[in-house]
Every structure is written in C-alpha cells, then in structure tokens.
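Enquirer: File upload.tsv follows (TSV, C-alpha atoms (C1' of nucleotides)):
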```tsv
chain	number	residue	atom	x	y	z
A	583	MET	CA	15.72	10.43	-27.07
A	584	GLU	CA	18.08	12.93	-25.55
A	585	THR	CA	15.29	15.10	-24.27
A	586	LEU	CA	13.80	12.83	-21.71
A	587	ILE	CA	10.43	14.11	-20.69
A	588	GLU	CA	11.46	14.69	-17.13
A	589	GLU	CA	13.72	17.45	-18.28
A	590	ARG	CA	10.69	19.62	-18.63
A	591	LEU	CA	10.65	19.78	-14.88
A	592	GLU	CA	13.35	22.22	-13.94
A	593	GLY	CA	15.86	21.38	-11.29
A	594	ALA	CA	14.15	22.88	-8.28
A	595	ALA	CA	10.80	21.52	-9.32
A	596	LEU	CA	12.09	18.02	-9.73
A	597	GLU	CA	13.81	18.26	-6.37
A	598	ALA	CA	10.63	19.41	-4.69
A	599	TRP	CA	8.62	16.63	-6.20
A	600	ARG	CA	11.21	13.97	-5.43
A	601	SER	CA	11.62	15.12	-1.86
A	602	TYR	CA	7.88	15.17	-1.43
A	603	LEU	CA	7.54	11.57	-2.56
A	604	GLN	CA	10.61	10.13	-0.90
A	605	SER	CA	10.30	11.87	2.44
A	606	HIS	CA	6.72	10.72	2.69
A	607	ALA	CA	7.61	7.12	2.02
A	608	SER	CA	10.45	7.16	4.53
A	609	ILE	CA	8.62	8.96	7.32
A	610	VAL	CA	5.44	6.94	7.06
A	611	ARG	CA	7.37	3.70	7.11
A	612	VAL	CA	9.19	4.64	10.28
A	613	LEU	CA	6.09	5.92	12.03
A	614	ASP	CA	4.20	2.82	11.16
A	615	ALA	CA	6.91	0.49	12.38
A	616	GLU	CA	7.07	2.31	15.69
A	617	LEU	CA	3.33	2.24	16.29
A	618	VAL	CA	3.09	-1.41	15.43
A	619	SER	CA	5.98	-2.53	17.56
A	620	GLU	CA	5.17	-0.34	20.56
A	621	HIS	CA	1.38	-0.33	20.60
A	622	GLY	CA	0.19	-2.98	18.20
A	623	ILE	CA	-1.73	-0.59	16.00
A	624	THR	CA	-1.01	0.71	12.52
A	625	SER	CA	-0.83	4.38	11.68
A	626	ARG	CA	-4.13	3.95	9.87
A	627	ASP	CA	-5.71	2.64	13.04
A	628	TYR	CA	-4.29	5.58	14.90
A	629	GLU	CA	-5.53	8.05	12.33
A	630	VAL	CA	-9.04	6.65	12.44
A	631	MET	CA	-9.20	6.66	16.21
A	632	LEU	CA	-7.93	10.21	16.28
A	633	TYR	CA	-10.67	11.37	13.95
A	634	LEU	CA	-13.21	9.59	16.09
A	635	ALA	CA	-11.83	11.11	19.28
A	636	GLN	CA	-12.16	14.59	17.79
A	637	ALA	CA	-15.68	14.04	16.49
A	638	PRO	CA	-18.79	14.92	18.48
A	639	GLU	CA	-19.83	11.98	20.64
A	640	ARG	CA	-16.68	10.25	19.43
A	641	ARG	CA	-18.45	8.77	16.47
A	642	LEU	CA	-18.48	9.17	12.70
A	643	ALA	CA	-20.25	7.49	9.81
A	644	MET	CA	-18.11	5.11	7.79
A	645	SER	CA	-18.22	7.35	4.75
A	646	ALA	CA	-17.04	10.32	6.76
A	647	LEU	CA	-14.09	8.27	7.91
A	648	ALA	CA	-13.37	7.25	4.34
A	649	GLU	CA	-13.23	10.85	3.22
A	650	ARG	CA	-10.93	11.94	5.99
A	651	THR	CA	-8.53	9.03	5.66
A	652	ARG	CA	-8.58	8.96	1.85
A	653	LEU	CA	-9.37	5.29	1.98
A	654	THR	CA	-12.18	3.73	0.00
A	655	ARG	CA	-15.33	2.67	1.76
A	656	SER	CA	-14.32	-0.96	1.57
A	657	GLY	CA	-10.99	-0.02	3.08
A	658	ILE	CA	-12.45	1.48	6.24
A	659	THR	CA	-15.03	-1.27	6.52
A	660	ARG	CA	-12.22	-3.71	7.04
A	661	LEU	CA	-10.07	-1.35	9.06
A	662	VAL	CA	-12.96	-0.73	11.43
A	663	ASP	CA	-13.59	-4.48	11.55
A	664	GLY	CA	-10.13	-4.80	13.02
A	665	LEU	CA	-10.66	-2.02	15.54
A	666	VAL	CA	-13.95	-3.57	16.61
A	667	ALA	CA	-12.24	-6.92	17.08
A	668	ALA	CA	-9.63	-5.17	19.20
A	669	GLY	CA	-12.34	-3.57	21.29
A	670	CYS	CA	-11.31	-0.04	20.39
A	671	VAL	CA	-14.42	0.80	18.40
A	672	GLN	CA	-18.03	-0.29	18.33
A	673	ARG	CA	-20.58	0.06	15.58
A	674	VAL	CA	-23.73	2.01	16.32
A	675	ALA	CA	-26.79	2.08	14.11
A	676	CYS	CA	-28.13	5.45	13.05
A	677	PRO	CA	-31.76	5.88	14.14
A	678	ASN	CA	-32.66	8.32	11.37
A	679	ASP	CA	-31.16	6.42	8.47
A	680	ALA	CA	-30.90	2.66	8.59
A	681	ARG	CA	-28.24	2.69	5.91
A	682	VAL	CA	-25.56	4.42	7.93
A	683	SER	CA	-23.71	2.84	10.76
A	684	TYR	CA	-21.46	4.85	13.00
A	685	ALA	CA	-18.07	3.83	14.27
A	686	ARG	CA	-17.80	4.95	17.86
A	687	LEU	CA	-14.58	5.08	19.88
A	688	THR	CA	-14.84	3.05	23.07
A	689	ASP	CA	-13.20	4.03	26.32
A	690	ALA	CA	-10.66	1.30	25.74
A	691	GLY	CA	-9.97	2.75	22.31
A	692	HIS	CA	-9.51	6.17	23.79
A	693	ASP	CA	-7.01	4.83	26.29
A	694	THR	CA	-5.10	3.08	23.53
A	695	LEU	CA	-5.10	6.26	21.52
A	696	ARG	CA	-3.73	8.32	24.38
A	697	SER	CA	-0.97	5.93	25.27
A	698	ALA	CA	0.09	5.53	21.65
A	699	GLY	CA	-0.26	9.23	20.96
A	700	CYS	CA	2.44	10.23	23.35
A	701	SER	CA	5.27	8.47	21.56
A	702	HIS	CA	3.68	8.96	18.16
A	703	VAL	CA	3.57	12.74	18.44
A	704	ARG	CA	7.13	12.72	19.66
A	705	SER	CA	8.12	10.73	16.59
A	706	ILE	CA	6.35	13.13	14.27
A	707	GLN	CA	8.15	15.98	15.94
A	708	ARG	CA	11.46	14.23	15.46
A	709	LEU	CA	10.88	13.17	11.86
A	710	PHE	CA	9.02	16.21	10.57
A	711	PHE	CA	8.74	19.36	12.68
A	712	GLU	CA	12.19	19.27	14.12
A	713	HIS	CA	13.54	20.23	10.72
A	714	PHE	CA	11.67	23.53	10.56
A	715	SER	CA	11.27	26.78	12.43
A	716	PRO	CA	7.76	27.83	13.48
A	717	ALA	CA	7.62	30.29	10.61
A	718	GLU	CA	8.62	27.59	8.18
A	719	VAL	CA	5.95	25.28	9.53
A	720	ALA	CA	3.39	27.99	8.92
A	721	ALA	CA	4.68	28.47	5.39
A	722	LEU	CA	4.53	24.76	4.75
A	723	ALA	CA	1.00	24.56	6.06
A	724	GLU	CA	-0.06	27.33	3.71
A	725	LEU	CA	1.68	25.86	0.67
A	726	LEU	CA	0.68	22.25	1.19
A	727	GLY	CA	-2.84	23.33	2.02
A	728	ARG	CA	-3.31	24.38	-1.58
A	729	LEU	CA	-2.80	20.88	-2.89
A	730	PRO	CA	-5.69	18.72	-3.96
A	731	GLY	CA	-6.98	16.59	-1.14
A	732	ALA	CA	-5.63	18.90	1.52
A	733	GLU	CA	-8.71	21.05	1.94
A	734	ALA	CA	-8.79	22.19	5.54
A	735	GLY	CA	-12.15	20.75	6.50
A	736	GLY	CA	-11.53	17.23	5.39
A	737	GLN	CA	-15.17	16.46	6.03
A	738	CYS	CA	-17.27	18.13	3.34
A	739	THR	CA	-20.71	17.21	2.16
A	740	VAL	CA	-22.10	15.68	5.30
A	741	SER	CA	-25.51	16.44	3.86
B	542	MET	CA	-9.41	13.01	28.55
B	543	GLU	CA	-9.23	16.80	28.53
B	544	THR	CA	-5.89	17.23	26.83
B	545	LEU	CA	-5.83	14.93	23.88
B	546	ILE	CA	-2.27	14.38	22.90
B	547	GLU	CA	-2.72	15.89	19.50
B	548	GLU	CA	-3.24	19.25	21.11
B	549	ARG	CA	0.44	19.48	21.63
B	550	LEU	CA	0.71	20.10	17.94
B	551	GLU	CA	-0.28	23.70	17.46
B	552	GLY	CA	-2.76	24.67	14.83
B	553	ALA	CA	-0.41	25.47	11.99
B	554	ALA	CA	1.71	22.44	12.69
B	555	LEU	CA	-1.22	20.09	12.65
B	556	GLU	CA	-2.43	21.66	9.42
B	557	ALA	CA	0.94	21.22	7.80
B	558	TRP	CA	1.16	17.61	8.81
B	559	ARG	CA	-2.40	16.81	7.81
B	560	SER	CA	-2.03	18.50	4.44
B	561	TYR	CA	1.22	16.66	3.88
B	562	LEU	CA	-0.40	13.29	4.49
B	563	GLN	CA	-3.70	13.89	2.76
B	564	SER	CA	-2.42	15.66	-0.32
B	565	HIS	CA	0.07	12.88	-0.88
B	566	ALA	CA	-2.60	10.20	-0.66
B	567	SER	CA	-4.90	12.05	-3.03
B	568	ILE	CA	-2.30	13.01	-5.60
B	569	VAL	CA	-0.65	9.64	-5.78
B	570	ARG	CA	-3.96	7.90	-6.19
B	571	VAL	CA	-4.91	10.11	-9.13
B	572	LEU	CA	-1.52	9.81	-10.81
B	573	ASP	CA	-1.56	6.08	-10.45
B	574	ALA	CA	-5.05	5.71	-11.87
B	575	GLU	CA	-4.10	7.80	-14.91
B	576	LEU	CA	-0.93	5.89	-15.64
B	577	VAL	CA	-2.64	2.55	-15.32
B	578	SER	CA	-5.61	3.42	-17.47
B	579	GLU	CA	-3.66	5.24	-20.16
B	580	HIS	CA	-0.42	3.28	-20.34
B	581	GLY	CA	-0.88	0.11	-18.38
B	582	ILE	CA	1.91	0.82	-15.93
B	583	THR	CA	1.85	1.82	-12.28
B	584	SER	CA	3.57	4.90	-10.95
B	585	ARG	CA	6.07	2.58	-9.33
B	586	ASP	CA	6.88	1.09	-12.72
B	587	TYR	CA	7.25	4.56	-14.09
B	588	GLU	CA	9.49	5.65	-11.26
B	589	VAL	CA	11.76	2.67	-11.69
B	590	MET	CA	12.05	3.11	-15.44
B	591	LEU	CA	12.81	6.78	-14.95
B	592	TYR	CA	15.66	5.99	-12.57
B	593	LEU	CA	16.98	3.48	-15.06
B	594	ALA	CA	16.74	5.94	-17.92
B	595	GLN	CA	18.76	8.47	-16.00
B	596	ALA	CA	21.42	5.99	-14.92
B	597	PRO	CA	24.61	5.39	-16.89
B	598	GLU	CA	24.05	2.68	-19.50
B	599	ARG	CA	20.42	2.69	-18.42
B	600	ARG	CA	21.03	0.11	-15.76
B	601	LEU	CA	21.14	-0.10	-11.99
B	602	ALA	CA	21.63	-2.85	-9.44
B	603	MET	CA	18.52	-4.03	-7.70
B	604	SER	CA	19.69	-2.64	-4.37
B	605	ALA	CA	20.27	0.76	-5.89
B	606	LEU	CA	16.73	0.74	-7.18
B	607	ALA	CA	15.46	-0.27	-3.77
B	608	GLU	CA	17.17	2.67	-2.14
B	609	ARG	CA	15.88	5.19	-4.62
B	610	THR	CA	12.31	3.97	-4.62
B	611	ARG	CA	12.17	3.31	-0.86
B	612	LEU	CA	10.95	-0.16	-1.56
B	613	THR	CA	12.49	-3.22	0.06
B	614	ARG	CA	14.67	-5.50	-1.98
B	615	SER	CA	11.92	-8.05	-2.24
B	616	GLY	CA	9.62	-5.31	-3.46
B	617	ILE	CA	11.76	-4.36	-6.44
B	618	THR	CA	12.55	-7.98	-7.20
B	619	ARG	CA	8.89	-8.49	-7.97
B	620	LEU	CA	8.37	-5.09	-9.50
B	621	VAL	CA	11.24	-5.74	-11.89
B	622	ASP	CA	9.83	-9.21	-12.56
B	623	GLY	CA	6.77	-7.45	-13.92
B	624	LEU	CA	8.76	-5.04	-16.04
B	625	VAL	CA	10.78	-7.91	-17.45
B	626	ALA	CA	7.59	-9.78	-18.32
B	627	ALA	CA	6.37	-6.63	-20.05
B	628	GLY	CA	9.59	-6.40	-22.03
B	629	CYS	CA	10.50	-3.03	-20.59
B	630	VAL	CA	13.51	-4.22	-18.65
B	631	GLN	CA	16.01	-7.02	-18.87
B	632	ARG	CA	18.25	-8.47	-16.21
B	633	VAL	CA	21.97	-8.38	-16.83
B	634	ALA	CA	24.50	-10.23	-14.77
B	635	CYS	CA	27.39	-8.27	-13.33
B	636	PRO	CA	30.72	-9.65	-14.52
B	637	ASN	CA	32.66	-8.53	-11.45
B	638	ASP	CA	30.27	-9.75	-8.82
B	639	ALA	CA	28.02	-12.70	-9.47
B	640	ARG	CA	25.70	-11.65	-6.66
B	641	VAL	CA	24.47	-8.48	-8.26
B	642	SER	CA	22.16	-8.43	-11.21
B	643	TYR	CA	21.41	-5.25	-13.03
B	644	ALA	CA	18.05	-4.14	-14.28
B	645	ARG	CA	18.54	-2.58	-17.68
B	646	LEU	CA	15.96	-0.49	-19.50
B	647	THR	CA	15.24	-1.90	-22.94
B	648	ASP	CA	14.48	0.23	-25.96
B	649	ALA	CA	10.87	-0.82	-25.67
B	650	GLY	CA	10.90	0.28	-22.06
B	651	HIS	CA	12.36	3.60	-23.02
B	652	ASP	CA	9.62	4.11	-25.56
B	653	THR	CA	6.97	3.25	-23.01
B	654	LEU	CA	8.54	5.64	-20.58
B	655	ARG	CA	8.56	8.48	-23.06
B	656	SER	CA	5.00	8.04	-24.16
B	657	ALA	CA	3.74	7.73	-20.61
B	658	GLY	CA	5.93	10.55	-19.44
B	659	CYS	CA	4.24	13.13	-21.54
B	660	SER	CA	0.86	12.87	-19.91
B	661	HIS	CA	2.33	11.98	-16.55
B	662	VAL	CA	4.40	15.13	-16.30
B	663	ARG	CA	1.42	17.14	-17.34
B	664	SER	CA	-0.59	15.57	-14.57
B	665	ILE	CA	2.07	16.32	-12.01
B	666	GLN	CA	2.09	19.90	-13.18
B	667	ARG	CA	-1.64	20.09	-12.81
B	668	LEU	CA	-1.84	18.38	-9.43
B	669	PHE	CA	1.26	19.79	-7.82
B	670	PHE	CA	3.19	22.58	-9.47
B	671	GLU	CA	0.27	24.53	-10.77
B	672	HIS	CA	-0.51	25.55	-7.22
B	673	PHE	CA	2.80	27.32	-6.69
B	674	SER	CA	4.90	30.12	-8.09
B	675	PRO	CA	8.48	29.34	-9.12
B	676	ALA	CA	9.75	30.94	-5.93
B	677	GLU	CA	7.41	28.85	-3.87
B	678	VAL	CA	8.54	25.71	-5.64
B	679	ALA	CA	12.11	26.57	-4.76
B	680	ALA	CA	11.11	27.14	-1.15
B	681	LEU	CA	9.29	23.84	-1.05
B	682	ALA	CA	12.26	22.04	-2.50
B	683	GLU	CA	14.50	23.47	0.16
B	684	LEU	CA	12.13	22.73	3.04
B	685	LEU	CA	11.14	19.24	1.97
B	686	GLY	CA	14.73	18.44	1.17
B	687	ARG	CA	15.54	18.58	4.87
B	688	LEU	CA	13.22	15.72	5.71
B	689	PRO	CA	14.54	12.24	6.35
B	690	GLY	CA	14.64	10.17	3.21
B	691	ALA	CA	14.79	13.19	0.95
B	692	GLU	CA	18.55	13.40	0.66
B	693	ALA	CA	19.43	14.19	-2.90
B	694	GLY	CA	21.59	11.15	-3.39
B	695	GLY	CA	18.83	8.66	-2.99
B	696	GLN	CA	20.39	6.54	-0.30
B	697	CYS	CA	19.40	7.05	3.25
B	698	THR	CA	18.51	4.57	5.99
B	699	VAL	CA	16.35	6.43	8.42
B	700	SER	CA	16.47	3.56	10.88
C	97	DA	C1'	-48.42	3.84	-4.58
C	98	DC	C1'	-44.72	2.60	-7.43
C	99	DC	C1'	-40.43	3.01	-9.91
C	100	DC	C1'	-35.83	4.41	-10.32
C	101	DA	C1'	-31.80	6.95	-9.31
C	102	DT	C1'	-28.79	7.74	-5.43
C	103	DT	C1'	-26.39	6.73	-1.33
C	104	DG	C1'	-24.26	3.86	2.65
C	105	DG	C1'	-22.13	-0.16	3.58
C	106	DT	C1'	-20.15	-4.98	2.90
C	107	DT	C1'	-18.01	-8.85	0.28
C	108	DG	C1'	-15.11	-11.39	-3.58
C	109	DC	C1'	-11.10	-11.03	-5.81
C	110	DG	C1'	-6.62	-9.53	-7.22
C	111	DT	C1'	-2.41	-7.17	-6.38
C	112	DG	C1'	1.39	-4.69	-4.18
C	113	DC	C1'	4.61	-5.04	-0.88
C	114	DG	C1'	6.89	-5.81	3.76
C	115	DC	C1'	9.00	-9.27	6.74
C	116	DA	C1'	11.55	-13.20	7.56
C	117	DA	C1'	13.89	-17.01	5.89
C	118	DG	C1'	16.65	-19.14	2.26
C	119	DT	C1'	20.44	-19.35	-1.31
C	120	DA	C1'	24.48	-17.85	-3.63
C	121	DT	C1'	28.47	-15.19	-3.64
C	122	DC	C1'	32.14	-12.30	-1.85
C	123	DT	C1'	35.65	-10.96	1.73
C	124	DC	C1'	38.19	-11.16	5.74
C	125	DT	C1'	40.82	-13.66	9.08
C	126	DC	C1'	43.39	-17.22	10.82
D	1258	DG	C1'	42.49	-22.49	2.07
D	1259	DA	C1'	38.78	-23.23	5.28
D	1260	DG	C1'	35.52	-21.30	7.80
D	1261	DA	C1'	32.78	-17.04	9.58
D	1262	DG	C1'	30.44	-13.25	8.57
D	1263	DA	C1'	28.68	-9.77	5.38
D	1264	DT	C1'	26.17	-8.72	1.09
D	1265	DA	C1'	22.92	-9.25	-3.12
D	1266	DC	C1'	19.00	-11.14	-4.44
D	1267	DT	C1'	14.86	-14.34	-4.31
D	1268	DT	C1'	10.95	-16.82	-2.26
D	1269	DG	C1'	6.99	-18.08	1.17
D	1270	DC	C1'	3.66	-16.01	3.55
D	1271	DG	C1'	0.45	-12.75	5.09
D	1272	DC	C1'	-1.87	-8.40	5.26
D	1273	DA	C1'	-3.68	-4.02	3.57
D	1274	DC	C1'	-6.41	-2.02	0.31
D	1275	DG	C1'	-8.54	-0.70	-4.32
D	1276	DC	C1'	-12.08	-2.08	-7.64
D	1277	DA	C1'	-16.28	-3.91	-8.95
D	1278	DA	C1'	-20.31	-6.14	-7.83
D	1279	DC	C1'	-23.72	-6.47	-4.56
D	1280	DC	C1'	-27.68	-5.58	-1.16
D	1281	DA	C1'	-30.36	-2.42	1.64
D	1282	DA	C1'	-32.46	1.81	2.48
D	1283	DT	C1'	-33.90	6.45	1.04
D	1284	DG	C1'	-36.15	10.01	-1.55
D	1285	DG	C1'	-37.91	12.33	-5.60
D	1286	DG	C1'	-40.95	12.28	-9.53
D	1287	DT	C1'	-44.93	10.70	-11.91
```
Output the file's structure as structure tokens, nothing else.
Expert:
Amino acid sequence: METLIEERLEGAALEAWRSYLQSHASIVRVLDAELVSEHGITSRDYEVMLYLAQAPERRLAMSALAERTRLTRSGITRLVDGLVAAGCVQRVACPNDARVSYARLTDAGHDTLRSAGCSHVRSIQRLFFEHFSPAEVAALAELLGRLPGAEAGGQCTVS
Amino acid sequence: METLIEERLEGAALEAWRSYLQSHASIVRVLDAELVSEHGITSRDYEVMLYLAQAPERRLAMSALAERTRLTRSGITRLVDGLVAAGCVQRVACPNDARVSYARLTDAGHDTLRSAGCSHVRSIQRLFFEHFSPAEVAALAELLGRLPGAEAGGQCTVS
DNA sequence: ACCCATTGGTTGCGTGCGCAAGTATCTCTC
DNA sequence: GAGAGATACTTGCGCACGCAACCAATGGGT
C-alpha cells in the first residue's frame, strides 16, 4: 500500500478538487433549504423557471430544459409536472412537430420567480460572490468555463 | 417584468456561477457512471473509503464521516451499511464511548479502493485537471478554498 | 408507399438521501 | 445519585431523479 493512489494528485490539486466538491455540496444545500422554506420551491424549480423566463416567448421544449439543467428527460418531465400542478408552468403543443411539447412560464410562475429571485440572488451573493473580487470572479468564470458541461451556450443542437 | 432579478448578476458573475453549477453536475455524473460500471461502487462509496484510508488506523466515527462528505448522519449510516454488506468496511465499537461506532476500512475495502482509484484518478485528471495549468490549479484551489464548506479541516456547519 | 432509424416525451422501478422522530449513552447539575 | 439536557447513531417515511423500456411522431432511403 503506502502509495495510495490519491497521492498522485499533488497537494494543490487535491485541495482544488476537494474544495470544488465540498463547497458545491454545502452551498447548494443551503440555497435549497432557503428556497423551500421561504418560497416553497426547490432550486431546480427555480432554475427551470429562470431558463423559461429568459427564453423567447417564455417557453422551451422539454429536451432543451433537460440539456440546460443537466437532468435527464424523465427528470424534467416530472419536475415540470410539479410546476404545472403549482400553476407556474403550462404545457403547450408544438404545431410543427407533434412530438415536442413546450413548457411555458405562466404569469403566476413569473411572479413566483421574481419574488423568490430577490432573496435567492442575495443568498448566492453571500455564499459565493462575496468571497471574491470582481477580477477574481472573472478569472473563475474563465477557468470554470473550460470544464466539461460548462459550455457557454448551454443550449446546443436545437436543430 | 423588465428587470428580471438575475440581471443584478453581471455577465461574468453569472457565467462563473452557471459554469460552477453545470460543470459540477456533468463531471460528477460521468465519474459516478464510470465507477459504478467498472468497479461496482458509487463515488460516495469511493469518497468514504478514501477518507477512511487516510485516517489513522483506517477508521473514523460516523459523525466525522458525515462532516467530511457533507452527508447527514442518516445518510452515512446507510452508505456504510452498504459498504459493510460489501465487505469493504466493518463497524467497530468505541471502548471509551458506547455511543460512537467507528467505520473501519477492511483489507478488502482497501484493495477495492486501490483498484478503483487508478481509473478514477485518471478520470478526474481528464475531466478536471487537464483543463488547467499547474498555476491555474493553484489559483483555483485558493479561490475555491474560500467558499463555505471548503475549509480544509472538513468540519464546517454553514447554517 | 412502406420500412426503419431517430428523436421527443412519459412511465415503472429502484435507489440515494434528507428530515424528523426514536433509542442509547454520556455529562452536568443539584 | 437522580434527573435534564446534550450527543451519537439508527429508523420510518417521503421525494427527487437516473435508467431502461415504452409509445408516438418524423424523416430519409429504397
């Protein structure tokens, strides 16, 4: 034994990787707890509604949502089910292709998003951005942007 | 609507945050799939066994594991249950305090860890480190280390 | 016109894990 | 030395989500 495999990762590297994993777990847990207790939505719900709010006509196909959120198709099917039940989203059939169904943000959903967003953004500031200068944020954006899954567009292949 | 709340996050900031979230989701999913298919363990299993391997006498109290992994106590109880069933870990009572029970890495567990570690570390290199120079890794370690939950020790409590 | 490969979406099933409650043990105080 | 409260762990329950299987629609090739 002696040489445990992790020793191939030098000190700084291991620290970077560990901080990456652990900070993510901690921050996401706190954000989620806050959203749930204060607005009754999960951070996934919030994320989906935000993507919808930014999309043209406030609607996106299910697959497009899956790509952006990194959930599977079945995952967003059920997530959107919940948002529909809550009245935040409605499903709209696509006239050109009967296979696709859009999720469209309702006005009620948009209101929910705005009211939740205020405290949510403040929490993200407190948990994440507050620890960095503007220049450091820019550096982080550049570095993290190189990682797989972080491609700027997020949409891709809308064909 | 006009000013959607997210617009308070400037461009670079939003990019940093989005890349942080999305890269994590993508990388973890890939790592997990590889570990499961090639070695039959999850990345959580791996993480726990690694902490045990690095601990004195290859054992840690359940609570200590919970802190390091950012799982709840009930989470590691069941995770360790699985590792015990797989023969990778055994529970050891603490002689000084009958409340605590240690999880101790068995020789079999250590073997599993080593064989999985080889390909796992390579995957982490490929998915994470390969995208950065050594100096950039050091910078990342420093920046990410400031985030809540990333304290070197492993204990935190973001509350 | 038909077949077949591809794509979009939903459903069945299993699992991981958090929360809250329960149990056992320790420690402090009177 | 008898509670009262803290601490370590486990258990009951429920939900979120991935995987695989499935159906429906589309589109290209012959």
Enquirer: I need the chain B residues near chain C as a ChimeraX atom specification; criterion: at most 7 Å, counting all atoms listed in the file.
Expert: /B:616,639-640
Enquirer: With a cut-off of 8 Å and counting all atoms listed in the file, select all residues of chain B in contact with chain D and give the selection as a ChimeraX atom specification.
Expert: /B:603-604,614-615,618,640-642
Enquirer: Would you compute the distance between CA of Gln672 in chain A and CA of Ala685 in chain A? Give it in Å to one decimal.
Expert: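 CA of Ala685 in chain A lies 5.8 Å from CA of Gln672 in chain A.
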Enquirer: Set out as CSV a contact list for chain B and chain A with a cut-off of 7 Å, giving each residue of chain B that qualifies its closest atom pair and distance in Å to one decimal, counting only C-alpha atoms, ordered by chain and rising residue number.
Expert:
```
residue,atom,partner,partner_atom,distance
B:Leu545,CA,A:Arg696,CA,7.0
B:Ile546,CA,A:Gly699,CA,5.9
B:Ala553,CA,A:Ala720,CA,5.5
B:Ala554,CA,A:Val719,CA,6.0
B:Glu556,CA,A:Ala723,CA,5.6
B:Ala557,CA,A:Ala723,CA,3.8
B:Ser560,CA,A:Ala732,CA,4.7
B:Tyr561,CA,A:Leu726,CA,6.2
B:Gln563,CA,A:Ala732,CA,5.5
B:Ser564,CA,A:Gly731,CA,4.7
B:Ala566,CA,A:Arg652,CA,6.6
B:Ser567,CA,A:Gly731,CA,5.3
B:Ile568,CA,A:Pro730,CA,6.8
B:Arg611,CA,A:Ala607,CA,6.6
B:Arg655,CA,A:Ile587,CA,6.4
B:Gly658,CA,A:Ile587,CA,5.9
B:Cys659,CA,A:Ile587,CA,6.3
B:Leu668,CA,A:Pro730,CA,6.7
B:Phe669,CA,A:Leu729,CA,6.5
B:His672,CA,A:Arg728,CA,6.4
B:Val678,CA,A:Ala595,CA,6.0
B:Ala679,CA,A:Ala594,CA,5.5
B:Leu681,CA,A:Ala598,CA,5.9
B:Ala682,CA,A:Ala598,CA,3.8
B:Leu685,CA,A:Ser601,CA,5.6
B:Gly686,CA,A:Ser601,CA,5.5
B:Arg687,CA,A:His713,CA,6.4
B:Leu688,CA,A:Ser605,CA,5.8
B:Pro689,CA,A:Ser605,CA,5.8
B:Gly690,CA,A:Ser605,CA,4.7
B:Ala691,CA,A:Ser601,CA,4.7
```
Enquirer: Mind pulling up the distance from CA of Arg585 in chain B to CA of Ala627 in chain B?
Expert: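 Those two atoms sit 14.1 Å apart.
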Enquirer: Mind pulling up the distance from CA of Leu601 in chain B to CA of Thr613 in chain B?
Expert: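 If I compute the distance from CA of Thr613 in chain B to CA of Leu601 in chain B, I get 15.2 Å.
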Enquirer: May I have the residues within 8 Å of range 618-624 of chain A as a list in words, using all atoms listed in the file and disregarding those fewer than 3 positions away in the same chain?
Expert: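 Those residues are Asp614, Ala615, Asp627, Tyr628, Thr694 and Ala698 of chain A.
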Enquirer: Starting from the point (12.3, -3.8, -15.5), work out which residues of protein, DNA or RNA have an atom no more than 9 Å away when counting all atoms listed in the file; state them as a PDB file with C-alpha atoms, keeping the file's coordinate frame.
Expert:
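After the write, selection.pdb holds the following:
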```
ATOM      1  CA  ASP B 586       6.880   1.090 -12.720  1.00  0.00           C
ATOM      2  CA  VAL B 589      11.760   2.670 -11.690  1.00  0.00           C
ATOM      3  CA  MET B 590      12.050   3.110 -15.440  1.00  0.00           C
ATOM      4  CA  LEU B 593      16.980   3.480 -15.060  1.00  0.00           C
ATOM      5  CA  LEU B 620       8.370  -5.090  -9.500  1.00  0.00           C
ATOM      6  CA  VAL B 621      11.240  -5.740 -11.890  1.00  0.00           C
ATOM      7  CA  ASP B 622       9.830  -9.210 -12.560  1.00  0.00           C
ATOM      8  CA  GLY B 623       6.770  -7.450 -13.920  1.00  0.00           C
ATOM      9  CA  LEU B 624       8.760  -5.040 -16.040  1.00  0.00           C
ATOM     10  CA  VAL B 625      10.780  -7.910 -17.450  1.00  0.00           C
ATOM     11  CA  ALA B 626       7.590  -9.780 -18.320  1.00  0.00           C
ATOM     12  CA  ALA B 627       6.370  -6.630 -20.050  1.00  0.00           C
ATOM     13  CA  GLY B 628       9.590  -6.400 -22.030  1.00  0.00           C
ATOM     14  CA  CYS B 629      10.500  -3.030 -20.590  1.00  0.00           C
ATOM     15  CA  VAL B 630      13.510  -4.220 -18.650  1.00  0.00           C
ATOM     16  CA  GLN B 631      16.010  -7.020 -18.870  1.00  0.00           C
ATOM     17  CA  ARG B 632      18.250  -8.470 -16.210  1.00  0.00           C
ATOM     18  CA  ALA B 644      18.050  -4.140 -14.280  1.00  0.00           C
ATOM     19  CA  ARG B 645      18.540  -2.580 -17.680  1.00  0.00           C
ATOM     20  CA  LEU B 646      15.960  -0.490 -19.500  1.00  0.00           C
ATOM     21  CA  THR B 647      15.240  -1.900 -22.940  1.00  0.00           C
ATOM     22  CA  GLY B 650      10.900   0.280 -22.060  1.00  0.00           C
TER      23      GLY B 650
END
```
